[in-house]
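Participant: For reference, the file coords.cif (mmCIF, C-alpha atoms) is included below:
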data_work
loop_
_atom_site.label_atom_id
_atom_site.label_comp_id
_atom_site.auth_asym_id
_atom_site.auth_seq_id
_atom_site.Cartn_x
_atom_site.Cartn_y
_atom_site.Cartn_z
CA MET Y 1 59.10 82.29 140.64
CA THR Y 2 61.86 84.86 140.29
CA SER Y 3 63.27 87.17 142.91
CA GLU Y 4 63.33 90.93 142.48
CA PRO Y 5 66.71 92.69 142.82
CA GLY Y 6 67.08 95.47 145.33
CA PRO Y 7 67.40 99.14 144.46
CA PRO Y 8 70.25 99.96 142.06
CA ARG Y 9 73.59 101.27 143.22
CA PRO Y 10 74.18 104.27 140.91
CA LEU Y 11 77.46 105.26 139.34
CA PRO Y 12 78.83 108.63 140.48
CA ASP Y 13 78.22 111.71 138.36
CA PRO Y 14 81.34 112.16 136.16
CA ALA Y 15 81.33 115.88 136.97
CA SER Y 16 81.72 115.16 140.68
CA ILE Y 17 84.42 112.50 140.41
CA ASP Y 18 87.88 112.94 141.86
CA TRP Y 19 89.68 111.42 138.89
CA SER Y 20 92.85 110.98 140.91
CA GLU Y 21 91.07 108.20 142.86
CA ILE Y 22 90.03 106.18 139.82
CA ASP Y 23 91.78 102.84 139.33
CA GLY Y 24 91.53 100.01 136.80
CA GLY Y 25 88.82 98.25 138.80
CA ALA Y 26 86.42 101.16 138.28
CA LEU Y 27 87.04 101.58 134.56
CA ASP Y 28 84.81 98.77 133.36
CA GLU Y 29 81.90 100.06 135.47
CA PHE Y 30 81.99 103.32 133.55
CA ILE Y 31 82.10 101.41 130.27
CA LEU Y 32 79.30 99.03 131.28
CA GLY Y 33 77.24 101.94 132.58
CA ALA Y 34 76.42 100.26 135.89
CA PRO Y 35 78.24 98.71 138.84
CA ARG Y 36 78.75 94.94 139.10
CA GLU Y 37 76.16 93.70 141.60
CA PHE Y 38 74.93 90.18 140.81
CA THR Y 39 76.26 86.64 140.82
CA ARG Y 40 75.46 84.33 137.94
CA ASP Y 41 72.77 82.47 139.89
CA GLU Y 42 71.12 85.71 141.03
CA LEU Y 43 71.02 87.00 137.46
CA VAL Y 44 69.56 83.77 136.04
CA GLU Y 45 66.88 83.60 138.75
CA ALA Y 46 65.88 87.26 138.46
CA ALA Y 47 65.60 87.04 134.65
CA GLY Y 48 63.79 83.72 134.63
CA LEU Y 49 66.30 82.00 132.37
CA ASP Y 50 67.20 78.33 132.15
CA PRO Y 51 70.59 78.04 133.92
CA GLU Y 52 72.12 75.64 131.40
CA GLU Y 53 71.04 77.57 128.34
CA SER Y 54 72.04 80.90 129.84
CA GLY Y 55 75.59 79.53 130.15
CA ARG Y 56 75.60 78.45 126.51
CA LEU Y 57 74.34 81.85 125.37
CA TRP Y 58 76.95 83.63 127.49
CA ARG Y 59 79.70 81.55 125.91
CA ALA Y 60 78.18 82.09 122.44
CA LEU Y 61 78.59 85.81 123.09
CA GLY Y 62 82.31 85.14 123.54
CA PHE Y 63 82.62 85.40 127.34
CA ALA Y 64 84.09 82.89 129.76
CA ASP Y 65 82.00 81.42 132.58
CA SER Y 66 82.28 83.26 135.89
CA ASP Y 67 82.71 81.67 139.28
CA PRO Y 68 79.31 81.16 140.95
CA GLU Y 69 80.12 83.47 143.86
CA ASP Y 70 81.66 86.32 141.85
CA ARG Y 71 79.55 89.47 141.52
CA VAL Y 72 80.35 90.37 137.94
CA TYR Y 73 76.94 91.18 136.42
CA THR Y 74 75.23 94.57 136.21
CA ARG Y 75 71.71 95.93 135.83
CA ALA Y 76 72.40 96.09 132.10
CA ASP Y 77 73.14 92.35 132.13
CA LEU Y 78 69.87 91.75 133.97
CA GLU Y 79 67.92 93.82 131.46
CA ALA Y 80 69.57 91.99 128.54
CA ALA Y 81 68.87 88.60 130.13
CA SER Y 82 65.23 89.54 130.65
CA THR Y 83 65.05 90.58 126.99
CA VAL Y 84 66.46 87.19 125.98
CA ALA Y 85 63.76 85.50 128.07
CA ARG Y 86 61.05 87.51 126.28
CA LEU Y 87 62.53 86.81 122.84
CA THR Y 88 62.75 83.12 123.68
CA ARG Y 89 59.09 83.05 124.58
CA ASP Y 90 57.72 85.21 121.76
CA TRP Y 91 60.08 85.11 118.78
CA LEU Y 92 62.97 82.64 119.01
CA PRO Y 93 61.70 79.32 120.39
CA ASP Y 94 64.51 77.39 118.63
CA LYS Y 95 67.51 77.29 120.97
CA ASN Y 96 69.92 76.70 118.07
CA ALA Y 97 68.69 79.90 116.43
CA ARG Y 98 69.19 81.82 119.68
CA GLU Y 99 72.79 80.64 119.97
CA ALA Y 100 73.47 81.41 116.31
CA VAL Y 101 72.15 84.94 116.74
CA ALA Y 102 74.33 85.39 119.82
CA ARG Y 103 77.44 84.20 117.94
CA ALA Y 104 76.75 86.45 114.96
CA VAL Y 105 76.23 89.54 117.11
CA ALA Y 106 79.29 88.77 119.23
CA GLN Y 107 81.61 88.24 116.27
CA SER Y 108 80.70 91.59 114.76
CA LEU Y 109 80.73 93.62 117.97
CA SER Y 110 83.86 92.08 119.46
CA ARG Y 111 85.85 93.16 116.40
CA LEU Y 112 84.29 96.62 116.63
CA ALA Y 113 85.21 96.85 120.32
CA GLU Y 114 88.82 95.82 119.66
CA TRP Y 115 89.16 98.51 117.01
CA GLN Y 116 87.45 101.19 119.10
CA ILE Y 117 89.62 100.65 122.17
CA GLY Y 118 92.73 100.94 120.01
CA MET Y 119 91.38 104.07 118.38
CA LEU Y 120 90.41 105.68 121.69
CA ALA Y 121 93.82 104.86 123.16
CA GLN Y 122 95.51 106.61 120.24
CA VAL Y 123 93.21 109.63 120.56
CA ALA Y 124 93.84 109.83 124.30
CA ALA Y 125 97.59 109.51 123.88
CA ALA Y 126 97.56 112.33 121.34
CA HIS Y 127 95.62 114.65 123.67
CA ILE Y 128 97.09 113.58 126.99
CA GLY Y 129 100.61 112.58 126.01
CA GLY Y 130 102.59 109.79 127.62
CA GLU Y 131 101.16 106.53 128.90
CA LEU Y 132 97.37 106.16 129.21
CA THR Y 133 96.49 105.63 132.89
CA PRO Y 134 93.29 104.00 134.25
CA ARG Y 135 92.23 107.46 135.45
CA ASP Y 136 92.63 108.90 131.94
CA ALA Y 137 90.80 105.94 130.41
CA ALA Y 138 87.88 106.26 132.86
CA ARG Y 139 87.56 109.97 132.10
CA LEU Y 140 87.59 109.24 128.38
CA ALA Y 141 84.93 106.52 128.81
CA ALA Y 142 82.66 108.92 130.71
CA ASP Y 143 83.07 111.66 128.08
CA VAL Y 144 83.12 109.76 124.78
CA LEU Y 145 81.18 106.50 125.11
CA PRO Y 146 77.65 108.02 125.29
CA GLU Y 147 78.22 109.87 122.02
CA LEU Y 148 79.86 106.85 120.42
CA GLU Y 149 76.94 104.64 121.47
CA SER Y 150 74.45 107.09 119.95
CA LEU Y 151 76.39 107.17 116.69
CA GLN Y 152 76.55 103.36 116.54
CA SER Y 153 72.77 103.18 116.97
CA TYR Y 154 72.32 105.62 114.08
CA VAL Y 155 74.62 103.66 111.76
CA TRP Y 156 72.94 100.37 112.72
CA ARG Y 157 69.48 101.73 111.90
CA ARG Y 158 70.73 103.07 108.58
CA HIS Y 159 72.13 99.65 107.65
CA LEU Y 160 68.96 97.97 108.89
CA ALA Y 161 66.82 100.21 106.67
CA ALA Y 162 69.02 99.53 103.64
CA THR Y 163 68.97 95.77 104.23
CA ALA Y 164 65.20 95.75 104.73
CA SER Y 165 64.73 97.62 101.44
CA ARG Y 166 66.89 95.09 99.59
CA TRP Y 167 64.98 92.23 101.17
CA VAL Y 168 61.59 93.64 100.15
CA ALA Y 169 62.78 94.37 96.60
CA GLY Y 170 64.19 90.86 96.27
CA ALA Y 171 61.02 89.24 97.58
CA GLN Y 172 58.96 91.20 95.04
CA ARG Y 173 61.15 90.01 92.16
CA MET Y 174 60.90 86.34 93.08
CA ASP Y 175 58.17 83.85 93.80
CA ALA Y 176 58.23 83.29 97.54
CA ALA Y 177 57.25 79.64 96.98
CA ASP Y 178 60.45 79.02 95.03
CA ILE Y 179 62.96 80.48 97.47
CA ALA Y 180 63.78 80.24 101.16
CA ALA Y 181 63.80 83.38 103.29
CA ASP Y 182 67.61 83.37 103.58
CA THR Y 183 68.51 82.02 100.13
CA TRP Y 184 69.09 84.53 97.34
CA PRO Y 185 70.74 84.78 93.94
CA LEU Y 186 73.85 86.86 94.55
CA SER Y 187 77.16 87.66 92.92
CA VAL Y 188 80.06 86.90 95.25
CA GLY Y 189 83.50 88.47 94.96
CA PHE Y 190 86.78 87.76 96.71
CA ALA Y 191 89.68 90.21 96.46
CA ASP Y 192 93.02 89.03 97.82
CA MET Y 193 96.28 90.96 98.24
CA VAL Y 194 99.09 89.20 96.39
CA GLY Y 195 102.12 88.10 98.42
CA PHE Y 196 100.71 89.42 101.70
CA THR Y 197 102.77 87.08 103.92
CA ARG Y 198 106.00 87.96 102.13
CA THR Y 199 105.13 91.65 102.21
CA THR Y 200 104.55 91.65 105.97
CA ARG Y 201 108.07 90.33 106.58
CA ARG Y 202 109.56 93.36 104.84
CA ARG Y 203 107.51 96.04 106.60
CA SER Y 204 107.54 97.55 110.06
CA MET Y 205 104.48 97.38 112.30
CA ASP Y 206 103.64 100.99 111.39
CA GLU Y 207 103.89 100.22 107.67
CA LEU Y 208 101.80 97.08 108.11
CA GLY Y 209 99.17 99.09 109.97
CA GLU Y 210 99.08 101.65 107.18
CA MET Y 211 98.68 98.91 104.57
CA ILE Y 212 95.76 97.26 106.40
CA GLU Y 213 94.10 100.63 106.95
CA ARG Y 214 94.41 101.59 103.29
CA PHE Y 215 93.13 98.19 102.15
CA GLY Y 216 90.04 98.53 104.34
CA SER Y 217 89.44 102.11 103.28
CA VAL Y 218 89.82 101.45 99.55
CA THR Y 219 87.72 98.29 99.47
CA THR Y 220 84.91 99.78 101.57
CA GLU Y 221 84.72 102.89 99.39
CA VAL Y 222 84.80 101.11 96.02
CA ILE Y 223 82.35 98.39 97.05
CA ALA Y 224 79.85 100.81 98.60
CA ASN Y 225 79.99 103.14 95.58
CA GLY Y 226 79.40 100.13 93.33
CA ARG Y 227 76.18 99.13 95.16
CA GLY Y 228 77.85 96.18 96.85
CA ARG Y 229 78.10 95.06 100.46
CA VAL Y 230 81.21 94.05 102.35
CA ILE Y 231 80.49 90.75 104.09
CA LYS Y 232 83.82 90.54 105.90
CA THR Y 233 87.48 91.43 105.72
CA VAL Y 234 89.91 88.77 106.90
CA GLY Y 235 93.50 90.02 106.97
CA ASP Y 236 94.53 90.32 103.34
CA GLU Y 237 91.16 89.44 101.78
CA VAL Y 238 87.74 91.03 101.41
CA LEU Y 239 84.51 89.19 100.60
CA TYR Y 240 81.67 91.19 99.05
CA VAL Y 241 78.30 90.55 97.39
CA THR Y 242 76.01 92.35 94.96
CA GLU Y 243 72.49 91.80 93.69
CA HIS Y 244 73.54 92.00 90.04
CA PRO Y 245 76.53 90.42 88.23
CA ALA Y 246 77.37 93.62 86.36
CA ASP Y 247 77.79 95.50 89.64
CA ALA Y 248 80.13 92.79 90.97
CA ALA Y 249 82.19 92.95 87.78
CA ALA Y 250 82.41 96.75 87.84
CA ILE Y 251 83.49 96.65 91.51
CA ALA Y 252 86.18 94.05 90.74
CA LEU Y 253 87.68 96.17 87.98
CA GLY Y 254 87.35 99.28 90.14
CA LEU Y 255 89.23 97.60 92.98
CA ARG Y 256 91.96 96.44 90.64
CA ASP Y 257 92.39 99.89 89.10
CA ARG Y 258 92.23 101.75 92.42
CA VAL Y 259 94.86 99.53 94.04
CA ARG Y 260 97.19 100.22 91.12
CA THR Y 261 97.30 103.84 92.32
CA GLU Y 262 97.98 102.96 95.98
CA PRO Y 263 101.75 102.70 96.70
CA ALA Y 264 101.11 101.09 100.10
CA LEU Y 265 99.12 98.19 98.62
CA PRO Y 266 100.25 95.13 96.66
CA GLN Y 267 98.34 94.00 93.58
CA LEU Y 268 95.03 92.16 93.88
CA ARG Y 269 93.72 88.94 92.44
CA ILE Y 270 89.94 88.67 92.30
CA GLY Y 271 87.41 85.89 91.73
CA LEU Y 272 83.69 86.27 90.95
CA ALA Y 273 80.85 83.76 90.89
CA HIS Y 274 77.06 84.03 90.69
CA GLY Y 275 74.19 81.85 91.87
CA MET Y 276 72.05 80.86 94.83
CA VAL Y 277 73.66 81.77 98.14
CA LEU Y 278 72.68 81.05 101.72
CA ALA Y 279 72.82 84.43 103.51
CA ARG Y 280 72.64 83.88 107.24
CA TYR Y 281 73.74 85.86 110.32
CA GLY Y 282 75.72 88.38 108.30
CA ASP Y 283 77.72 85.81 106.32
CA VAL Y 284 77.24 83.91 103.05
CA TYR Y 285 77.61 80.21 102.33
CA GLY Y 286 77.33 77.73 99.49
CA GLU Y 287 79.04 76.52 96.36
CA VAL Y 288 79.02 79.97 94.77
CA VAL Y 289 81.16 81.28 97.64
CA ASN Y 290 83.53 78.32 97.29
CA VAL Y 291 83.88 78.83 93.53
CA ALA Y 292 84.67 82.53 93.97
CA ALA Y 293 87.35 81.62 96.50
CA ARG Y 294 88.90 79.00 94.19
CA LEU Y 295 88.94 81.44 91.27
CA THR Y 296 90.72 83.97 93.46
CA SER Y 297 93.41 81.47 94.43
CA GLU Y 298 93.98 80.61 90.74
CA ALA Y 299 93.97 84.17 89.42
CA ARG Y 300 97.24 85.81 88.44
CA PRO Y 301 98.24 89.08 90.10
CA ASP Y 302 96.24 92.09 88.85
CA THR Y 303 93.60 89.90 87.16
CA VAL Y 304 89.93 89.04 87.64
CA LEU Y 305 88.47 85.58 86.96
CA VAL Y 306 84.74 84.80 86.67
CA ASP Y 307 82.74 81.57 86.56
CA LYS Y 308 80.33 80.35 83.87
CA GLU Y 309 77.25 81.97 85.42
CA MET Y 310 78.98 85.35 85.56
CA PHE Y 311 80.14 84.88 81.96
CA GLU Y 312 76.59 84.17 80.78
CA SER Y 313 75.32 87.31 82.52
CA LEU Y 314 78.09 89.59 81.24
CA ARG Y 315 78.82 88.28 77.74
CA ASP Y 316 76.50 90.76 76.01
CA ASP Y 317 77.34 93.72 78.21
CA PRO Y 318 79.42 96.18 76.14
CA ARG Y 319 81.25 97.44 79.23
CA PHE Y 320 83.15 94.18 79.69
CA ASP Y 321 85.53 91.96 77.77
CA LEU Y 322 85.68 88.24 78.65
CA ARG Y 323 88.35 85.82 77.49
CA ARG Y 324 88.14 82.07 78.08
CA ILE Y 325 91.16 80.59 79.85
CA ALA Y 326 92.27 76.98 80.25
CA THR Y 327 90.10 74.79 82.46
CA LEU Y 328 91.25 75.01 86.05
CA HIS Y 329 92.09 72.02 88.21
CA THR Y 330 91.82 73.22 91.79
CA ARG Y 331 90.90 71.82 95.17
CA GLY Y 332 87.34 70.50 95.07
CA TYR Y 333 86.89 71.31 91.36
CA SER Y 334 88.75 69.20 88.83
CA HIS Y 335 87.26 70.95 85.75
CA LEU Y 336 86.41 74.53 86.66
CA ARG Y 337 85.61 76.69 83.64
CA ALA Y 338 86.72 80.30 83.98
CA TRP Y 339 87.03 83.52 82.03
CA ALA Y 340 89.36 86.48 82.51
CA LEU Y 341 87.44 89.74 82.93
CA ARG Y 342 88.64 93.09 81.60
CA GLY Y 343 87.05 96.43 80.79
CA ALA Y 344 85.92 96.99 77.20
CA ARG Y 345 88.59 99.66 76.70
CA GLU Y 346 91.32 97.13 77.50
CA ARG Y 347 90.70 95.11 74.37
#
Translate the structure of the given file into structure tokens.
Facilitator:
Amino acid sequence: MTSEPGPPRPLPDPASIDWSEIDGGALDEFILGAPREFTRDELVEAAGLDPEESGRLWRALGFADSDPEDRVYTRADLEAASTVARLTRDWLPDKNAREAVARAVAQSLSRLAEWQIGMLAQVAAAHIGGELTPRDAARLAADVLPELESLQSYVWRRHLAATASRWVAGAQRMDAADIAADTWPLSVGFADMVGFTRTTRRRSMDELGEMIERFGSVTTEVIANGRGRVIKTVGDEVLYVTEHPADAAAIALGLRDRVRTEPALPQLRIGLAHGMVLARYGDVYGEVVNVAARLTSEARPDTVLVDKEMFESLRDDPRFDLRRIATLHTRGYSHLRAWALRGARER
């Protein structure tokens, strides 16, 4: 038996707000889209959630537990909690799967939020000048966030459609009895900036910011144009996948060549491997990923190394030149066979 919350306490109309009265305490209500009304126990009871699991899911989303008496939850939290209760009943009966989904969503969106707040602060500073006050931030939230939210929904649906199309095409190519729903043959590529730690010591914060921005821009553009997908970017390294080995190889050479023309970026070393990969919650796992990482760590600056499976797929492709190198002895692989990849015109 759950209790029904009382009538909502609406936020004021932004057009009628005296912005001089806005303080930091009101800012998050404009961002959340609703005032904070409920304690943790009230939220759990109204949504019909299990108290213990609701705490685990909240922490999986990346948030600290609140004090039982603090009113920190909004109508949006209540609606989301009720949605979780319905999903639990109808679609996600496995509690481990629910927590994994929560972690995956949180990891992606928390990084997005960090970037967006920094971006909005820079935009506001450029238009307002001087230090950004809570009043200015609240006004910006009221004006910009609805449009930003709409744009995010559009981009998400576009990516969802593209991923669904790839999934259907892959399922049609393979016998469903021979492959798990989240296990696919993929080519995995790592691209790592050479000497990143040493480079950061010689650059100012502005120069470092420019380098990171250019690295993200270049890798995203080249990988997308090459029919690949960026799985994640971690500091000085990007991890990407493709359906076909030739696409992964073309992307690797494209990244190498593009970075050569970027004065703000150090050289890359790149490793490629192909095989069965566990693709789950937006990330990839398995030996193929490990091999690609080891090849990257062993590659010389401005070079691309590939494993045996990539070699077998590319050896007859006239666009590529492959040269066997000495067997590698690296962590976890005492006899790793590898080939250096170049374009056919580099022979």
Participant: What's around Y:Asp70 at 12 Å? Count all atoms listed in the file, leave out sequence neighbours fewer than 4 positions away in its own chain, and write the answer as an MDAnalysis selection string.
Facilitator: chainID Y and resid 36:43 65:66 74
Participant: Return as a VMD selection string the set of residues that the PyMOL selection byres ((chain Y and resi 321) around 10) yields on the displayed structure.
Facilitator: chain Y and resid 311 314 to 320 322 to 323 339 to 347
Participant: Name every residue that the PyMOL selection byres ((chain Y and resi 289) around 9) selects in this structure, writing the answer as a PyMOL selection string with chains first and numbers rising.
Facilitator: chain Y and resi 187-190+272-274+277+284-288+290-294
Participant: Padding of 3 Å on every side, edges along x, y and z, all listed atoms of stretch 341-345 of chain Y included: what centre and edge lengths in Å, to one decimal, does that box have, as lines of an AutoDock Vina configuration file?
Facilitator:
center_x = 87.3
center_y = 94.7
center_z = 79.8
size_x = 8.7
size_y = 15.9
size_z = 12.2
Participant: Taking only C-alpha atoms into account, which of Y:Val168, Y:Ala162, Y:Val72, Y:Leu57 comes nearest Y:Val84?
Facilitator: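 When distances to Y:Val84 are compared using only C-alpha atoms, the smallest one comes from Y:Leu57.
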Participant: Taking into account all atoms listed in the file, which residue in the set Y:Gln267, Y:Ser334, Y:Ser110, Y:Gln116 is nearest to Y:Asp302?
Facilitator: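 Using all atoms listed in the file, the shortest distance to Y:Asp302 belongs to Y:Gln267.
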Participant: Filtering to C-alpha atoms, could stretch 201-294 of chain Y of the supplied structure be written out as a PDB file, in the first residue's frame?
Facilitator:
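Below is the file that was written, part_36.pdb:
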ATOM      1  CA  ARG Y 201      54.234  19.112 -17.779  1.00  0.00           C
ATOM      2  CA  ARG Y 202      55.391  21.482 -20.516  1.00  0.00           C
ATOM      3  CA  ARG Y 203      52.020  23.050 -21.314  1.00  0.00           C
ATOM      4  CA  SER Y 204      49.776  25.553 -19.582  1.00  0.00           C
ATOM      5  CA  MET Y 205      46.228  24.648 -18.590  1.00  0.00           C
ATOM      6  CA  ASP Y 206      44.922  26.508 -21.645  1.00  0.00           C
ATOM      7  CA  GLU Y 207      47.284  24.607 -23.940  1.00  0.00           C
ATOM      8  CA  LEU Y 208      46.355  21.314 -22.290  1.00  0.00           C
ATOM      9  CA  GLY Y 209      42.677  22.113 -22.762  1.00  0.00           C
ATOM     10  CA  GLU Y 210      43.265  22.860 -26.433  1.00  0.00           C
ATOM     11  CA  MET Y 211      45.140  19.581 -26.886  1.00  0.00           C
ATOM     12  CA  ILE Y 212      42.366  17.502 -25.279  1.00  0.00           C
ATOM     13  CA  GLU Y 213      39.719  19.313 -27.306  1.00  0.00           C
ATOM     14  CA  ARG Y 214      41.568  18.747 -30.578  1.00  0.00           C
ATOM     15  CA  PHE Y 215      42.188  15.082 -29.748  1.00  0.00           C
ATOM     16  CA  GLY Y 216      38.485  14.519 -29.095  1.00  0.00           C
ATOM     17  CA  SER Y 217      37.448  16.431 -32.195  1.00  0.00           C
ATOM     18  CA  VAL Y 218      39.885  14.675 -34.532  1.00  0.00           C
ATOM     19  CA  THR Y 219      39.230  11.157 -33.260  1.00  0.00           C
ATOM     20  CA  THR Y 220      35.446  11.569 -33.293  1.00  0.00           C
ATOM     21  CA  GLU Y 221      35.461  12.912 -36.857  1.00  0.00           C
ATOM     22  CA  VAL Y 222      37.818  10.308 -38.323  1.00  0.00           C
ATOM     23  CA  ILE Y 223      36.171   7.365 -36.563  1.00  0.00           C
ATOM     24  CA  ALA Y 224      32.629   8.418 -37.486  1.00  0.00           C
ATOM     25  CA  ASN Y 225      33.586   9.028 -41.129  1.00  0.00           C
ATOM     26  CA  GLY Y 226      35.208   5.581 -41.205  1.00  0.00           C
ATOM     27  CA  ARG Y 227      32.003   3.815 -40.062  1.00  0.00           C
ATOM     28  CA  GLY Y 228      33.371   3.204 -36.582  1.00  0.00           C
ATOM     29  CA  ARG Y 229      32.041   3.938 -33.114  1.00  0.00           C
ATOM     30  CA  VAL Y 230      33.851   5.627 -30.257  1.00  0.00           C
ATOM     31  CA  ILE Y 231      33.397   3.474 -27.157  1.00  0.00           C
ATOM     32  CA  LYS Y 232      35.183   5.832 -24.787  1.00  0.00           C
ATOM     33  CA  THR Y 233      37.914   8.412 -24.499  1.00  0.00           C
ATOM     34  CA  VAL Y 234      40.065   8.227 -21.373  1.00  0.00           C
ATOM     35  CA  GLY Y 235      42.507  11.123 -21.124  1.00  0.00           C
ATOM     36  CA  ASP Y 236      45.113  10.479 -23.787  1.00  0.00           C
ATOM     37  CA  GLU Y 237      43.513   7.379 -25.331  1.00  0.00           C
ATOM     38  CA  VAL Y 238      40.482   6.558 -27.451  1.00  0.00           C
ATOM     39  CA  LEU Y 239      38.887   3.120 -27.822  1.00  0.00           C
ATOM     40  CA  TYR Y 240      36.811   2.445 -30.941  1.00  0.00           C
ATOM     41  CA  VAL Y 241      35.181  -0.513 -32.701  1.00  0.00           C
ATOM     42  CA  THR Y 242      34.065  -1.377 -36.220  1.00  0.00           C
ATOM     43  CA  GLU Y 243      32.082  -4.192 -37.777  1.00  0.00           C
ATOM     44  CA  HIS Y 244      34.747  -4.916 -40.390  1.00  0.00           C
ATOM     45  CA  PRO Y 245      38.555  -5.179 -40.035  1.00  0.00           C
ATOM     46  CA  ALA Y 246      39.215  -3.093 -43.146  1.00  0.00           C
ATOM     47  CA  ASP Y 247      37.265  -0.179 -41.666  1.00  0.00           C
ATOM     48  CA  ALA Y 248      39.275  -0.387 -38.429  1.00  0.00           C
ATOM     49  CA  ALA Y 249      42.528  -0.407 -40.402  1.00  0.00           C
ATOM     50  CA  ALA Y 250      41.494   2.555 -42.562  1.00  0.00           C
ATOM     51  CA  ILE Y 251      40.495   4.506 -39.435  1.00  0.00           C
ATOM     52  CA  ALA Y 252      43.832   3.742 -37.762  1.00  0.00           C
ATOM     53  CA  LEU Y 253      45.809   5.037 -40.733  1.00  0.00           C
ATOM     54  CA  GLY Y 254      43.469   8.010 -41.031  1.00  0.00           C
ATOM     55  CA  LEU Y 255      44.009   8.914 -37.379  1.00  0.00           C
ATOM     56  CA  ARG Y 256      47.759   8.613 -37.746  1.00  0.00           C
ATOM     57  CA  ASP Y 257      47.838  10.800 -40.856  1.00  0.00           C
ATOM     58  CA  ARG Y 258      45.412  13.397 -39.494  1.00  0.00           C
ATOM     59  CA  VAL Y 259      47.355  13.823 -36.246  1.00  0.00           C
ATOM     60  CA  ARG Y 260      50.517  14.437 -38.261  1.00  0.00           C
ATOM     61  CA  THR Y 261      48.864  17.659 -39.484  1.00  0.00           C
ATOM     62  CA  GLU Y 262      47.786  18.824 -35.999  1.00  0.00           C
ATOM     63  CA  PRO Y 263      50.499  20.953 -34.312  1.00  0.00           C
ATOM     64  CA  ALA Y 264      48.721  20.756 -30.937  1.00  0.00           C
ATOM     65  CA  LEU Y 265      48.795  16.948 -30.852  1.00  0.00           C
ATOM     66  CA  PRO Y 266      51.661  14.515 -30.220  1.00  0.00           C
ATOM     67  CA  GLN Y 267      52.078  11.426 -32.387  1.00  0.00           C
ATOM     68  CA  LEU Y 268      49.852   8.382 -31.925  1.00  0.00           C
ATOM     69  CA  ARG Y 269      50.544   4.712 -31.448  1.00  0.00           C
ATOM     70  CA  ILE Y 270      47.685   2.410 -32.385  1.00  0.00           C
ATOM     71  CA  GLY Y 271      46.817  -1.249 -31.824  1.00  0.00           C
ATOM     72  CA  LEU Y 272      44.138  -3.291 -33.618  1.00  0.00           C
ATOM     73  CA  ALA Y 273      42.680  -6.728 -32.912  1.00  0.00           C
ATOM     74  CA  HIS Y 274      39.675  -8.656 -34.222  1.00  0.00           C
ATOM     75  CA  GLY Y 275      37.450 -11.371 -32.782  1.00  0.00           C
ATOM     76  CA  MET Y 276      34.514 -12.102 -30.511  1.00  0.00           C
ATOM     77  CA  VAL Y 277      33.804  -9.243 -28.110  1.00  0.00           C
ATOM     78  CA  LEU Y 278      31.381  -8.895 -25.229  1.00  0.00           C
ATOM     79  CA  ALA Y 279      29.528  -5.610 -25.844  1.00  0.00           C
ATOM     80  CA  ARG Y 280      27.618  -4.640 -22.734  1.00  0.00           C
ATOM     81  CA  TYR Y 281      26.287  -1.362 -21.294  1.00  0.00           C
ATOM     82  CA  GLY Y 282      28.139   0.783 -23.806  1.00  0.00           C
ATOM     83  CA  ASP Y 283      31.556  -0.813 -23.251  1.00  0.00           C
ATOM     84  CA  VAL Y 284      33.453  -3.772 -24.728  1.00  0.00           C
ATOM     85  CA  TYR Y 285      35.261  -6.608 -22.971  1.00  0.00           C
ATOM     86  CA  GLY Y 286      37.274  -9.713 -23.718  1.00  0.00           C
ATOM     87  CA  GLU Y 287      40.637 -10.915 -24.929  1.00  0.00           C
ATOM     88  CA  VAL Y 288      40.379  -8.990 -28.191  1.00  0.00           C
ATOM     89  CA  VAL Y 289      40.195  -5.732 -26.228  1.00  0.00           C
ATOM     90  CA  ASN Y 290      43.182  -6.773 -24.113  1.00  0.00           C
ATOM     91  CA  VAL Y 291      45.247  -7.693 -27.175  1.00  0.00           C
ATOM     92  CA  ALA Y 292      44.510  -4.349 -28.836  1.00  0.00           C
ATOM     93  CA  ALA Y 293      45.620  -2.569 -25.673  1.00  0.00           C
ATOM     94  CA  ARG Y 294      48.865  -4.581 -25.461  1.00  0.00           C
TER      95      ARG Y 294
END
